[in-house]
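S.K.: Quick one: the structure is below, and I'll ask about it shortly.
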Amino acid sequence: MSQSSPPVAPLRAAIVPVTPIQQNCTLIWCTETMKAAVVDPGGDLPRIKAAIEQAGITVEKILLTHGHIDHAGEAKALARDLAVPIEGPHEADRFWLARLDEDGRTYGIRGEVFEPDRWLVDGDTVTVGNLSLDVYETPGHTLGHVIFHHAPSKFAQVGDVLFQGSIGRSDLAGGNHQQLIETIVTKLWPLGDDTAFIPGHGNPSTFAHERAHNLFVSDRALAVE
């Protein structure tokens, strides 16, 4: 009697570290259609394109969590090369997108100013193939930061809000430390402890792990505040 194959997860993701800042550009795709999104293509387009080809996926859009140079610097160039739209971040990050060329010169990363095809707000959804991801406004690192959550897969792409063992910096324009803490507690934690997330830098983790061990936002650390 033949054994049935295990079910294929509806969503897959692959991290492509880019820029001298080692930002986690991420490919997210629908395994049913092999349609994909590129999240935060900050630079190193040949590396991103090679990963797209290796995965055998067709990119239909670019998603942005926020407007910092290492996340958005080459979004317009990739969108032009692939003839796809850009969705995100929230319009409050227009300030950062308008200075990508200036910041690119500062950090040695190619930056091109643009306006996305679609600004995102809390409660929006974005589609990737047959997948639908929920959008949450998550200010604190930047005013217009957003995250993407796929509830059926218990997966979130959180940009620079939360890292394994740390949190995003809040000392740049539009940043606010207390707001960042509130964002994590009120927007991320309710998505469930069993949610796995890919951050903008460093290794993936789970909300459960961070609530137990993160020096900034663990349950124990917040109880002391």
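Order determines the names: the first chain of the structure tokens is A, the second B, and so forth; residues in each chain are numbered 1 upward, and ligands are numbered 1 upward as they are shown.
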As a PyMOL selection string, list the residues of stretch 8-202 of chain A assigned to helix (DSSP H, G or I) by DSSP on the backbone atoms of this structure.
M.R.: chain A and resi 45-55+69-72+75-82+91-97+100-107+151-153+177-191
S.K.: Only C-alpha atoms, please: the residues just picked out, written as a PDB file, in the first residue's frame.
M.R.:
ATOM      1  CA  LEU A  45      19.860  42.798  -7.407  1.00  0.00           C
ATOM      2  CA  PRO A  46      21.956  40.096  -9.154  1.00  0.00           C
ATOM      3  CA  ARG A  47      21.868  38.048  -5.940  1.00  0.00           C
ATOM      4  CA  ILE A  48      18.101  38.520  -5.604  1.00  0.00           C
ATOM      5  CA  LYS A  49      17.487  37.575  -9.248  1.00  0.00           C
ATOM      6  CA  ALA A  50      19.641  34.468  -8.888  1.00  0.00           C
ATOM      7  CA  ALA A  51      17.600  33.390  -5.855  1.00  0.00           C
ATOM      8  CA  ILE A  52      14.367  33.968  -7.792  1.00  0.00           C
ATOM      9  CA  GLU A  53      15.615  31.772 -10.630  1.00  0.00           C
ATOM     10  CA  GLN A  54      16.853  29.066  -8.278  1.00  0.00           C
ATOM     11  CA  ALA A  55      13.472  28.895  -6.533  1.00  0.00           C
ATOM     12  CA  ILE A  69      17.765  52.581   2.335  1.00  0.00           C
ATOM     13  CA  ASP A  70      18.785  48.989   3.165  1.00  0.00           C
ATOM     14  CA  HIS A  71      15.182  47.852   2.675  1.00  0.00           C
ATOM     15  CA  ALA A  72      14.006  50.003  -0.220  1.00  0.00           C
ATOM     16  CA  ALA A  75      13.007  48.506  -5.024  1.00  0.00           C
ATOM     17  CA  LYS A  76      12.291  50.779  -7.978  1.00  0.00           C
ATOM     18  CA  ALA A  77      15.100  49.294 -10.067  1.00  0.00           C
ATOM     19  CA  LEU A  78      13.858  45.745  -9.434  1.00  0.00           C
ATOM     20  CA  ALA A  79      10.254  46.737 -10.111  1.00  0.00           C
ATOM     21  CA  ARG A  80      11.338  48.220 -13.426  1.00  0.00           C
ATOM     22  CA  ASP A  81      13.406  45.155 -14.368  1.00  0.00           C
ATOM     23  CA  LEU A  82      10.602  42.724 -13.533  1.00  0.00           C
ATOM     24  CA  GLU A  91       2.502  56.801   3.427  1.00  0.00           C
ATOM     25  CA  ALA A  92       4.061  58.143   6.631  1.00  0.00           C
ATOM     26  CA  ASP A  93       7.368  56.785   5.263  1.00  0.00           C
ATOM     27  CA  ARG A  94       7.226  59.069   2.221  1.00  0.00           C
ATOM     28  CA  PHE A  95       9.975  61.073   3.986  1.00  0.00           C
ATOM     29  CA  TRP A  96      12.388  58.138   3.770  1.00  0.00           C
ATOM     30  CA  LEU A  97      11.547  57.165   0.195  1.00  0.00           C
ATOM     31  CA  LEU A 100      16.838  57.238  -0.914  1.00  0.00           C
ATOM     32  CA  ASP A 101      19.365  58.720  -3.326  1.00  0.00           C
ATOM     33  CA  GLU A 102      20.889  60.877  -0.588  1.00  0.00           C
ATOM     34  CA  ASP A 103      20.985  58.031   1.935  1.00  0.00           C
ATOM     35  CA  GLY A 104      22.386  55.718  -0.721  1.00  0.00           C
ATOM     36  CA  ARG A 105      25.407  57.963  -1.164  1.00  0.00           C
ATOM     37  CA  THR A 106      25.880  58.055   2.600  1.00  0.00           C
ATOM     38  CA  TYR A 107      25.798  54.268   3.046  1.00  0.00           C
ATOM     39  CA  ALA A 151      -2.357  33.529   9.664  1.00  0.00           C
ATOM     40  CA  PRO A 152      -2.834  30.026   8.138  1.00  0.00           C
ATOM     41  CA  SER A 153       0.943  29.560   8.029  1.00  0.00           C
ATOM     42  CA  HIS A 177      11.101  53.741  21.646  1.00  0.00           C
ATOM     43  CA  GLN A 178       7.910  53.604  23.691  1.00  0.00           C
ATOM     44  CA  GLN A 179       5.803  53.424  20.555  1.00  0.00           C
ATOM     45  CA  LEU A 180       7.958  50.547  19.307  1.00  0.00           C
ATOM     46  CA  ILE A 181       7.409  48.611  22.551  1.00  0.00           C
ATOM     47  CA  GLU A 182       3.656  49.243  22.336  1.00  0.00           C
ATOM     48  CA  THR A 183       3.643  48.080  18.714  1.00  0.00           C
ATOM     49  CA  ILE A 184       5.291  44.787  19.638  1.00  0.00           C
ATOM     50  CA  VAL A 185       2.966  44.146  22.562  1.00  0.00           C
ATOM     51  CA  THR A 186      -0.294  45.250  20.919  1.00  0.00           C
ATOM     52  CA  LYS A 187       0.258  44.257  17.275  1.00  0.00           C
ATOM     53  CA  LEU A 188       2.711  41.338  17.264  1.00  0.00           C
ATOM     54  CA  TRP A 189       2.011  39.345  20.412  1.00  0.00           C
ATOM     55  CA  PRO A 190      -1.750  38.976  19.671  1.00  0.00           C
ATOM     56  CA  LEU A 191      -0.848  37.165  16.450  1.00  0.00           C
TER      57      LEU A 191
END
S.K.: Let's see if you can do this: from backbone DSSP, list all strand (DSSP E or B) residues in stretch 12-223 of chain A, as an MDAnalysis selection string.
M.R.: chainID A and resid 12:18 23:30 35:39 58:63 86:87 118 125:128 131:137 146:150 155:159 162:163 166:167 196:199 205:206
S.K.: Excluding same-chain residues fewer than 2 positions from A:Ala36, what lies within 7 Å of it counting only C-alpha atoms, as a list in words?
M.R.: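 The contact residues come out as Leu27, Ile28, Trp29, Cys30, Met34, Val38, Ile57, Thr58, Val59, Glu60, Val128 and Gly129 of chain A.
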S.K.: Output the selection as a CSV table (one decimal), in the first residue's frame - N, CA, C and O atoms for each residue.
M.R.:
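New file part_35.csv:
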chain,number,residue,atom,x,y,z
A,27,LEU,N,12.1,36.3,-0.2
A,27,LEU,CA,11.2,35.9,-1.2
A,27,LEU,C,10.1,35.1,-0.5
A,27,LEU,O,10.3,34.2,0.3
A,28,ILE,N,8.8,35.5,-0.8
A,28,ILE,CA,7.6,34.8,-0.3
A,28,ILE,C,6.9,34.3,-1.5
A,28,ILE,O,6.6,35.0,-2.4
A,29,TRP,N,6.5,33.0,-1.5
A,29,TRP,CA,5.7,32.5,-2.6
A,29,TRP,C,4.6,31.5,-2.2
A,29,TRP,O,4.7,30.9,-1.2
A,30,CYS,N,3.7,31.5,-3.1
A,30,CYS,CA,2.5,30.6,-3.0
A,30,CYS,C,2.9,29.3,-3.7
A,30,CYS,O,3.2,29.3,-4.9
A,34,MET,N,3.2,29.2,-7.5
A,34,MET,CA,4.6,29.6,-7.6
A,34,MET,C,4.7,31.0,-8.0
A,34,MET,O,5.7,31.5,-8.5
A,38,VAL,N,8.7,39.8,-3.6
A,38,VAL,CA,10.1,40.1,-3.1
A,38,VAL,C,9.8,41.2,-2.0
A,38,VAL,O,9.3,42.3,-2.3
A,57,ILE,N,10.4,30.6,-9.2
A,57,ILE,CA,9.1,31.3,-9.0
A,57,ILE,C,9.0,32.5,-9.9
A,57,ILE,O,9.9,32.9,-10.6
A,58,THR,N,7.8,33.0,-10.0
A,58,THR,CA,7.5,34.1,-10.8
A,58,THR,C,7.0,35.3,-9.9
A,58,THR,O,6.0,35.2,-9.2
A,59,VAL,N,7.8,36.3,-9.9
A,59,VAL,CA,7.6,37.5,-9.0
A,59,VAL,C,6.5,38.3,-9.6
A,59,VAL,O,6.5,38.7,-10.8
A,60,GLU,N,5.4,38.6,-8.8
A,60,GLU,CA,4.3,39.5,-9.3
A,60,GLU,C,4.2,40.8,-8.6
A,60,GLU,O,3.5,41.7,-9.0
A,128,VAL,N,-0.4,37.2,-2.7
A,128,VAL,CA,0.8,36.6,-3.4
A,128,VAL,C,0.3,35.3,-3.9
A,128,VAL,O,0.0,34.3,-3.1
A,129,GLY,N,0.1,35.2,-5.2
A,129,GLY,CA,-0.6,34.0,-5.8
A,129,GLY,C,-2.0,33.9,-5.2
A,129,GLY,O,-2.8,34.8,-5.2
S.K.: Atom CA of A:Pro41 and atom CA of A:Ala98 are how many Å apart?
M.R.: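 Spanning atom CA of A:Pro41 to atom CA of A:Ala98 is a straight-line distance of 16.5 Å.
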S.K.: Might you pull out every residue within 12 Å of A:Ala221, with only C-alpha atoms counted and same-chain residues fewer than 3 positions away left off, and present them as a list in words?
M.R.: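 So, after excluding close chain neighbours, the residues are Ser166, Ile181, Glu210, Arg211, Ala212, His213, Asn214, Leu215, Phe216, Val217, Ser218, Val224 and Glu225 of chain A.
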S.K.: Could you take the residues named above and write them with N, CA and C atoms, as a CSV table (one decimal), in the first residue's frame?
M.R.:
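The new file again.csv reads:
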chain,number,residue,atom,x,y,z
A,166,SER,N,16.5,41.1,20.2
A,166,SER,CA,16.6,42.6,20.2
A,166,SER,C,15.3,43.2,19.6
A,181,ILE,N,7.8,49.6,21.6
A,181,ILE,CA,7.4,48.6,22.6
A,181,ILE,C,5.9,48.3,22.5
A,210,GLU,N,10.8,35.0,21.8
A,210,GLU,CA,11.1,36.4,22.2
A,210,GLU,C,10.4,36.8,23.5
A,211,ARG,N,9.2,36.3,23.7
A,211,ARG,CA,8.5,36.6,24.9
A,211,ARG,C,9.2,36.0,26.1
A,212,ALA,N,9.9,34.9,25.9
A,212,ALA,CA,10.6,34.2,27.0
A,212,ALA,C,12.0,34.7,27.2
A,213,HIS,N,12.7,35.2,26.1
A,213,HIS,CA,14.1,35.5,26.2
A,213,HIS,C,14.6,36.9,25.8
A,214,ASN,N,13.8,37.6,25.0
A,214,ASN,CA,14.2,38.9,24.5
A,214,ASN,C,14.5,39.9,25.6
A,215,LEU,N,15.7,40.5,25.7
A,215,LEU,CA,16.0,41.4,26.8
A,215,LEU,C,15.2,42.7,26.8
A,216,PHE,N,14.6,43.0,25.7
A,216,PHE,CA,13.8,44.3,25.7
A,216,PHE,C,12.3,44.1,25.8
A,217,VAL,N,11.8,43.0,25.3
A,217,VAL,CA,10.3,42.8,25.3
A,217,VAL,C,9.8,41.5,25.8
A,218,SER,N,10.7,40.7,26.5
A,218,SER,CA,10.2,39.5,27.1
A,218,SER,C,9.1,39.9,28.2
A,224,VAL,N,9.1,44.4,34.6
A,224,VAL,CA,10.0,45.2,35.5
A,224,VAL,C,9.8,46.7,35.2
A,225,GLU,N,9.4,47.0,34.0
A,225,GLU,CA,9.3,48.4,33.6
A,225,GLU,C,8.3,49.2,34.5
S.K.: With only C-alpha atoms as the counted atoms, please give the residues lying no more than 12 Å from A:Asp40, apart from itself and same-chain residues fewer than 3 positions off, as a PyMOL selection string.
M.R.: chain A and resi 15-19+22-28+37+43-45+48+61-76+78-79+86-89+145-148+157-160+198-201
S.K.: What separation in Å, quoted to one decimal, exists between atom CA of A:Gly192 and atom CA of A:Phe207?
M.R.: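 Result for atom CA of A:Gly192 versus atom CA of A:Phe207: 7.1 Å, one decimal.
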S.K.: With distances taken over only C-alpha atoms, which of A:Asn176, A:Ala223, A:Pro7, A:Phe155 is nearest to A:Asp193?
M.R.: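 Looking at the shortest contact to A:Asp193, the residue is A:Phe155.
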S.K.: Would you list the contacts of A:Leu133 as a compact mmCIF listing (two decimals) with all heavy atoms, in the first residue's frame, taking every protein, DNA or RNA residue within 7 Å and counting only C-alpha atoms, but skipping same-chain residues closer than 4 positions in sequence?
M.R.:
# COMPACT_ATOMS: atom_id res chain seq x y z
N THR A 125 -5.02 44.03 2.95
CA THR A 125 -4.45 42.72 2.64
C THR A 125 -3.64 42.85 1.35
O THR A 125 -3.92 43.69 0.50
CB THR A 125 -5.52 41.63 2.45
OG1 THR A 125 -6.41 42.02 1.41
CG2 THR A 125 -6.29 41.41 3.75
N VAL A 126 -2.61 42.03 1.25
CA VAL A 126 -1.84 41.92 0.01
C VAL A 126 -1.90 40.47 -0.43
O VAL A 126 -1.90 39.55 0.40
CB VAL A 126 -0.39 42.39 0.18
CG1 VAL A 126 -0.34 43.87 0.50
CG2 VAL A 126 0.34 41.59 1.26
N THR A 127 -1.97 40.25 -1.73
CA THR A 127 -2.05 38.90 -2.25
C THR A 127 -0.72 38.49 -2.87
O THR A 127 -0.01 39.32 -3.46
CB THR A 127 -3.16 38.76 -3.31
OG1 THR A 127 -2.91 39.68 -4.37
CG2 THR A 127 -4.52 39.05 -2.68
N PHE A 148 3.71 42.10 7.54
CA PHE A 148 2.84 41.22 6.76
C PHE A 148 2.67 39.90 7.52
O PHE A 148 3.65 39.30 7.95
CB PHE A 148 3.45 40.97 5.38
CG PHE A 148 3.74 42.23 4.62
CD1 PHE A 148 5.03 42.74 4.55
CD2 PHE A 148 2.71 42.94 4.01
CE1 PHE A 148 5.31 43.91 3.86
CE2 PHE A 148 2.97 44.12 3.33
CZ PHE A 148 4.27 44.61 3.24
N HIS A 149 1.41 39.45 7.64
CA HIS A 149 1.12 38.26 8.43
C HIS A 149 0.24 37.31 7.64
O HIS A 149 -0.80 37.70 7.09
CB HIS A 149 0.39 38.67 9.73
CG HIS A 149 -0.01 37.52 10.59
ND1 HIS A 149 -1.32 37.28 10.96
CD2 HIS A 149 0.72 36.53 11.17
CE1 HIS A 149 -1.38 36.20 11.72
NE2 HIS A 149 -0.16 35.73 11.86
N HIS A 150 0.66 36.04 7.58
CA HIS A 150 -0.16 35.00 6.96
C HIS A 150 -0.62 34.05 8.05
O HIS A 150 0.13 33.17 8.49
CB HIS A 150 0.63 34.24 5.89
CG HIS A 150 -0.20 33.30 5.09
ND1 HIS A 150 -0.03 31.93 5.10
CD2 HIS A 150 -1.25 33.53 4.26
CE1 HIS A 150 -0.91 31.37 4.31
NE2 HIS A 150 -1.67 32.31 3.79
S.K.: Between atom CA of A:Val113 and atom CA of A:Leu143, what is the distance, to one decimal in Å?
M.R.: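 Atom CA of A:Val113 sits 18.1 Å away from atom CA of A:Leu143.
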S.K.: Which residues are near A:Lys154? Cut-off 7 Å, only C-alpha atoms, ignore same chain within fewer than 5 positions. Put them as a list of chain:residue names.
M.R.: A:Asp194, A:Thr195, A:Ala196
S.K.: Can you write just those residues out, C-alpha atoms, as a short mmCIF file (atom, residue, chain, number, x, y, z; two decimals), in the first residue's frame?
M.R.:
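This is the output file result32.cif:
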data_model
loop_
_atom_site.label_atom_id
_atom_site.label_comp_id
_atom_site.auth_asym_id
_atom_site.auth_seq_id
_atom_site.Cartn_x
_atom_site.Cartn_y
_atom_site.Cartn_z
CA ASP A 194 3.45 30.02 17.76
CA THR A 195 4.00 32.59 15.01
CA ALA A 196 7.38 32.30 13.30
#
